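K.L.:
To start, I am sharing the structure in question, which I have written as structure tokens.
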Amino acid sequence: MQDDPLKEPKAKVDDNSGVSRRDFLKISTISAAAVPILGTKVVQAAGEPVKVYGPGKTPVELTINTQKHTLQLEPRVTLLDTLRDQLDITGAKRVCDRAECGACTVLIDSKPVYACSVLAIEAQGKSITTIESLMQGENLNPIQQAFVDNDASQCGFCTPGFVVAFKAVLDKNPNASPEEIRHGLSGNVCRCGTYHGIHLAIAQMAQKGA
Amino acid sequence: MRSFEYASPVTKEQAVGLLGTTWGQAEVLAGGTDLLALMKDDVVHPKRVVNIKQIKEMTGVSVTPQGLRIGALTTLGELADNVNVVKAYPALAEAINDAASPQIRNMATLGGNLCQRPRCWYFRGGLGLLPKNESGKDLVAEGQNRYHAILGNDGPAKFVSPSSIVPVLMAYGAAIRVVGAHGARDLALQDFYVIPKTETQREHDLKPNEIVAEVILPPVHEMKVAHYEIRQKQAFDWPLAVAAVGLTMKGSQLFGSRVILGYVAPIPWRSGDGEVALNNAARIHGGISVEVAAAAAEGALQNAKPLSHNAYKVQLAKVAVKRAILKAASEGAA
Amino acid sequence: MPDYNWPDAEHRALIGKRISRVDSPVKVSGRAKYTYDYHGANMLFGKVLRSPYAKAKIISIDTSAAEKMPGVKAVEIIQKVGTTAQWAGDEIVAVAAVDESTAEDAVRLIKVSYQPMSYLVSDAEPPAGAGEAAGPMSEDDLDDAISNQMPDAQLIQHLQEHGVSFKVDDDFLNDMKGEGASEAVLAAIRSAPYHQASGGGHSAYQKTAAQTSGDPDKAFAEAEVVSEGLYGASVIAHCCLEPHGSVSEWTDKDHLFTHISTQNVSGIAAQMAEPMGISAANIRIHQDNVGGGFGSKFAADRWDMAAARLSRKAGGKPVRIMLERDAELKVAGARPSAYARVKVAAKKDGTLTGWQSQSWGTGGPGGGGAPPIPYVFGIPNLHKEHTAIRNNIGPARAWRAPNHPQAAVITMGALDDLAAKLNMDPLDLWVKNLEITGPRRDVYREELAIAADLMGWKEKWRPRGQNISGGIARGLGLSIHTWGGRGHESDCDLTIHPDGSVDIKMGTQDLGTGTRTTIVIVAAETLGIPIEAINLYIGDTLYPPSGGSGGSTTPGGVSSSTRRAAVDAREALLAKVAPALNAQPADLECVDSTVRVKNDPSRSLNWKQACSKIGAMPVTARGHNDQVASKNHPDLTNSGVGGVGMADVEVDTETGIVKVKKMVAVQDCGLIIDLKTAESSCYGAMVMGISYALFEEKVMDQATGRMLNPNMEFYRLAGLNDIPELVVHMMTGKGYDERGVIGLGEPPVISPGAAIANAVANAIGVRVSFFPLTPDKVLAALSQTQKAGA
């Protein structure tokens, strides 16, 4: 009974649609003969069928800046690489690729996270917001304007990450104190040394909130 | 990152069923902040990744007669904001707010924090958990060990336990519930950690097909808890030394203590030496004072054995213990 | 002749004001495109297999499995069998595949066998007696000297005395030119005598010739006080947030189009031409924005050549190779270290009389140059020796103000220790010796007074170790610095169209230093129109060439070429407009978006109306700036600045953790075009100073030969919360403005580290010798004072 669960069980092919368990039972009896659609199979775990995706490409649906995108991705592809290399949404930058610098910060369900350390496949069903959606029409939003006013970017590579993290702080607490904003930006790193400008931008925004 | 297959079970039982029976076959994905980095660095390369975040029963924080039950999938951010944590376990909230960065706190789960792998730069560089060169020489002992262990380092393991939150959880007397193929087992958090003796062992007591499901924090009663972290940078930096202490006090009198150090040993280090020294000194001096805290710090580190480049960590650990004790004693002193 | 001179203060509408950088809006909104963001159609992803050994001979390479892998489109061997890899991370083979994961999988299938060789990754003090006398320079030595911007005089002298160990040909000279060698250096290489290199493996330690001037023995014998100490700065990495790399595609079999992350748009094609076997004219280079360079991005690197070759093999499809973070830190930039044992001789009143130093450091495999010590202060009697350590840590690259921050921490540290020994306020000692600081002496005097005022120096300063309470020690430190900063060679095309639109084309680049803003301010000022009215095109070899952005040469270069182009275009416009206003061209001026008669503003045309008089063809003028001052009439740029840095720190004496509480920078840079971005340069430089003084270190492990911290958690960069109050004062007005434009990239980054090191010594009462000032070193230094006190 102590089967190695990683050994290929009697793998069955599923059509990836959102099937209920009852549906599955119906389908599975016939699907063995079906043409496999992109490496999805079903294995038994704790006596129940569980879908297993990959390692090859599998359909992934993402909602980014309120727009739905359907892609074919291997499970190993990160959200960041999907944004940048598949969708040409390049505001989030790849810098450390290890959750150490903040340049890839995006919002998932309104919370700032490092897109380099989220798999695209696990970001399905969530609302993903990137720097690209922060403009208010043709106008900069007030945080962006504060960065411009206070010269808080030099090379600019870290800037989108800072702006997104900043927005997350104010979304959670519009009256955040300068100290709270600084704490909220502590997961972002700049190399050119724009922190003085960022401090000023923080002061400008904290004043607005108050 | 090497390719892998991916599953996202919705029950603990399914999750356990999807895991392998030996290490290396499958890895558990929760917050992902550590696992993805390990996979990108090719330190681990599982055939299957089991995302446990869809397991609803492993989320949430509830108040029970046994104390606070925290689902292992609770993110650090949720925990630091939880009203019960802020009220009854303020040192935990503080330790979490000191940990890593806002983004990581939004992603990382408590269970993941307990199970994260060491930051040892030889390990992360693919040279092994107990790194040796071709001729069997201990790379840590021979090499750059400025961030390595000063206690519990007489075996082959010289990395330091990487959680800055576990010491304070231990100070609160936390227990955990582990779920595996044969059901659940509860154990004290301090019993969860082990110092590996071989390369194939891990730093904790989990079996390859077990997961941490829950953390239980007992009611606090008379205990004062504090946490002190020594970091080079003001924020978003791995600490150089951490101490958490729990003082059971009535008035100025000390009735018992827990002293736990982080970043000094391959496991979160419950310091019996420190506790004895603290209790004795407090008895002699009739309470907590700078002298008492300093005596406890000396006691806690009396058996430290620094490596070639990390003697300074003995001093830092002493300071962390001393300051944590003074902080705990002054909490709610008014 | 048209008047190219900068307008005087009362005629400046824009120059010298605080103007927001023009590319901020695209950057804050994520719309700015960088090389890493470029995604060509059918782009392939390149990955590089790197040597795991610090030094190893490549015995065999088997790429067959990788080549057979589905999705792999090309494989390129970068270093052949028989070659010796010189550092861990050295490039061996590159692969291009349909996606990044596939390329990564393919790299894992390549089998390389190595014969590991003995290596050195340490830069510790050379053992006594180690080191061979300086010999002829190899190609690598020269490459290293140029890329580290070894002072011309030093390099030329070495070439004249020791010659070269290889046959110099035109290709080599072209390479050196591409990397920024001056004409004088190229001439010295060309005429250097050939000497055979001494046989066998050469020593890791190379002694440069000892330098003596005056009579140091006498100076020390007669000195009223002698101070001795040990000072230094570790190897640090550039850690550009956008890594090095490029995307190359062959648009046909003879034409290469390369997007590259560079500080040197106009200089890349010449470097790629010969390796690609095509003429530089057939290579187009493009870059919109660059995510940091700091001196490390002047070359077309080996991985860039590999991307171009992979593209050729893959039928011309674009191939992208951008370095992963670990490679970026391991191989794409290291600032050379410098350490020194120093003795300073002085009179009781603080007058400096003698200097003696034994210094050492590494710039990687080439060894590296000596820091310019004693720095700024021309101490009359000196003797100095330097040993360059050739080791296997990866190649050094220029880092903002090459060798100056190191020279500052050594020199300013030695003088600070002397002041402490004399019980003098270091500010007084510095002022006392300003006579020997050369032509900027009065500038330093003025700046020191301003800086002291901004810091509250006189109120706050206490003698060493006498401001400690509650385990917290406070201290102040200072440093001064200098730099050249003359404008580089630059061409600018400015066109005024009949519809009134204006465009500027220039093959320069904006590193985040405000180059775009500088150019449009100069043009707008000259034409009397708003900066928004100018369309600026930079970052492409389709535009006139402009120098690489290094050594603070860009502001002087681009502002001068733009001014000349704008003045010429304006004159051409006025000639066409004059008849319509019934005036002579010389009587007209361009002000407030109008062209009008100087003393009769009622006779005016708005800008659009005026431009409509141009006729069918637009007016284009080319402005040129030369690097040689004597060729520029008038000379709109200049060289030579002085600056002051001061730091106020707090040290936890129990943990050894240093916090900077306040920093002050006072800086001159001639005529400032945009005060806002100029100040930002100084603020940023102070942040970088805090970072390299307290946190940064390329940690090399002799046991494995590898860099242990090629990531952003243990290669620490200062964070927002590590940055205290920063104060910047720019010297402007009379005595400064009329000097013309001088660059500002390097100077303000030189002093912050030295000032922090001195402030820590002032706080805790003892010198912490080497950067970074980490708790282990601070505690070790403190334990010395406790022992000494016991």
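As shown in the structure tokens, the chain order sets the letters A, B, ...; within each chain, residues go from 1, and ligands are also counted from 1 in the order they appear.
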Quick one: everything within 8 Å of Arg191 (chain A), counting only C-alpha atoms, minus sequence neighbours fewer than 3 positions away in the same chain. Send it as a list in words.
P.N.:
Thr194 of chain A; Cys239, Cys240, Leu241, Gly292, Met688 and Leu717 of chain C
K.L.:
Write down, as JSON, numbers by chain, each residue of chain A that has any atom within 6 Å of an atom of chain C, counting only C-alpha atoms.
P.N.:
{"A": [90, 91, 95, 96, 100, 131, 144, 148, 154, 155, 156, 157, 159, 160, 189, 192, 193, 194, 195]}
K.L.:
When the cut-off is 7 Å and we count only C-alpha atoms, which residues of chain A are near chain B, given as a PyMOL selection string?
P.N.:
chain A and resi 4-6+45-46+50-55+75-76+98-99+111-114+117-118+184+186-187
K.L.:
Within 9 Å of chain C, which residues of chain B come that close, and what is the closest atom pair and distance in Å for each? Count only C-alpha atoms and give it as a Markdown table.
P.N.:
| residue | atom | partner | partner_atom | distance |
| --- | --- | --- | --- | --- |
| B:Met1 | CA | C:Ser101 | CA | 7.0 |
| B:Arg2 | CA | C:Asp105 | CA | 7.0 |
| B:Ser3 | CA | C:Ser101 | CA | 8.1 |
| B:Trp121 | CA | C:Leu708 | CA | 5.9 |
| B:Tyr122 | CA | C:Leu708 | CA | 7.2 |
| B:Gly125 | CA | C:Leu708 | CA | 7.4 |
| B:Asn133 | CA | C:Thr704 | CA | 8.0 |
| B:Leu139 | CA | C:Ala703 | CA | 6.7 |
| B:Val140 | CA | C:Ala703 | CA | 8.9 |
| B:Glu142 | CA | C:Ala703 | CA | 6.7 |
| B:Gly143 | CA | C:Ala703 | CA | 5.5 |
| B:Gln144 | CA | C:Asp701 | CA | 6.2 |
| B:Arg146 | CA | C:Asp776 | CA | 8.5 |
| B:Ile230 | CA | C:Thr655 | CA | 7.8 |
| B:Arg231 | CA | C:Ile657 | CA | 8.1 |
| B:Gln232 | CA | C:Ile657 | CA | 6.3 |
| B:Lys233 | CA | C:Asp722 | CA | 6.5 |
| B:Gln234 | CA | C:Asn721 | CA | 5.8 |
| B:Ala235 | CA | C:Asn721 | CA | 6.7 |
| B:Phe236 | CA | C:Gly719 | CA | 8.0 |
| B:Asp237 | CA | C:Glu713 | CA | 6.9 |
| B:Trp238 | CA | C:Glu713 | CA | 7.5 |
| B:His309 | CA | C:Asp776 | CA | 8.7 |
| B:Asn310 | CA | C:Asp776 | CA | 7.7 |
| B:Ala311 | CA | C:Asp776 | CA | 8.1 |
| B:Tyr312 | CA | C:Asp776 | CA | 5.3 |
| B:Lys313 | CA | C:Asp776 | CA | 7.8 |
| B:Gln315 | CA | C:Thr655 | CA | 7.3 |
| B:Leu316 | CA | C:Thr655 | CA | 5.7 |
| B:Val319 | CA | C:Glu654 | CA | 6.8 |
| B:Ala320 | CA | C:Thr655 | CA | 9.0 |
K.L.:
Go ahead and save the picked residues with C-alpha atoms, as a tab-separated table (two decimals), in the first residue's frame.
P.N.:
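Done, and the output landed in selection25.tsv:
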chain	number	residue	atom	x	y	z
B	1	MET	CA	14.69	25.99	-12.54
B	2	ARG	CA	14.25	22.38	-13.62
B	3	SER	CA	10.86	21.22	-14.76
B	121	TRP	CA	26.22	30.36	1.48
B	122	TYR	CA	27.87	27.05	0.78
B	125	GLY	CA	25.85	27.67	-3.64
B	133	ASN	CA	35.47	19.47	-0.54
B	139	LEU	CA	34.40	23.85	3.86
B	140	VAL	CA	32.77	25.91	6.57
B	142	GLU	CA	38.18	25.96	6.55
B	143	GLY	CA	36.44	28.75	4.76
B	144	GLN	CA	34.37	31.85	5.31
B	146	ARG	CA	31.50	34.70	9.59
B	230	ILE	CA	20.80	42.32	15.87
B	231	ARG	CA	20.93	43.25	12.23
B	232	GLN	CA	23.42	45.27	10.28
B	233	LYS	CA	20.84	47.02	8.15
B	234	GLN	CA	17.82	48.69	9.67
B	235	ALA	CA	15.43	46.52	7.70
B	236	PHE	CA	15.27	43.58	5.27
B	237	ASP	CA	18.45	41.93	6.42
B	238	TRP	CA	19.24	38.54	7.87
B	309	HIS	CA	35.83	34.09	11.65
B	310	ASN	CA	32.82	34.41	13.91
B	311	ALA	CA	34.02	35.09	17.45
B	312	TYR	CA	32.23	38.44	17.22
B	313	LYS	CA	28.94	36.58	17.14
B	315	GLN	CA	29.48	39.08	21.78
B	316	LEU	CA	26.44	39.85	19.61
B	319	VAL	CA	24.04	41.49	23.78
B	320	ALA	CA	20.90	40.07	22.22
K.L.:
Using DSSP on the backbone, list every residue of region 63-205 of chain A that comes out as strand (DSSP E), and give them as a list in words.
P.N.:
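Strand (DSSP E) members of region 63-205 of chain A, listed: Thr63, Ile64, Gln67, Lys68, His69, Thr70, Leu71, Gln72, Leu73, Thr105, Val106, Leu107, Ile108, Lys111, Pro112, Val113, Tyr114, Ser127, Ile128 and Thr129 of chain A.
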K.L.:
Contacts of Gln190 (chain B) at 10 Å or less, counting only C-alpha atoms, minus same-chain residues fewer than 2 places along, as a PDB file with C-alpha atoms, in the first residue's frame?
P.N.:
ATOM      1  CA  VAL B 166      10.854  30.597  15.860  1.00  0.00           C
ATOM      2  CA  PRO B 167      12.818  31.777  18.928  1.00  0.00           C
ATOM      3  CA  LEU B 169       7.411  31.257  19.286  1.00  0.00           C
ATOM      4  CA  MET B 170       9.492  28.978  21.499  1.00  0.00           C
ATOM      5  CA  ALA B 171       9.610  31.619  24.201  1.00  0.00           C
ATOM      6  CA  GLY B 173       6.017  27.739  24.495  1.00  0.00           C
ATOM      7  CA  ALA B 174       4.586  26.998  21.065  1.00  0.00           C
ATOM      8  CA  ALA B 175       3.628  23.527  19.916  1.00  0.00           C
ATOM      9  CA  ILE B 176       2.923  22.336  16.417  1.00  0.00           C
ATOM     10  CA  LEU B 187       4.993  18.148  19.460  1.00  0.00           C
ATOM     11  CA  ALA B 188       6.681  21.038  21.187  1.00  0.00           C
ATOM     12  CA  PHE B 192      10.817  19.836  15.980  1.00  0.00           C
ATOM     13  CA  TYR B 193      14.366  20.878  15.157  1.00  0.00           C
ATOM     14  CA  VAL B 194      17.281  18.497  14.827  1.00  0.00           C
ATOM     15  CA  HIS B 204      13.731  19.220  11.361  1.00  0.00           C
ATOM     16  CA  ILE B 260      16.163  31.003  23.122  1.00  0.00           C
ATOM     17  CA  ILE B 267      18.743  24.756  15.481  1.00  0.00           C
ATOM     18  CA  PRO B 268      16.896  27.456  17.378  1.00  0.00           C
ATOM     19  CA  TRP B 269      18.934  27.253  20.571  1.00  0.00           C
ATOM     20  CA  ARG B 270      17.077  26.853  23.836  1.00  0.00           C
TER      21      ARG B 270
END
K.L.:
To one decimal in Å, tell me the separation between CA of Leu301 (chain B) and CA of Ala93 (chain B).
P.N.:
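Distance between the two atoms: 26.7 Å.
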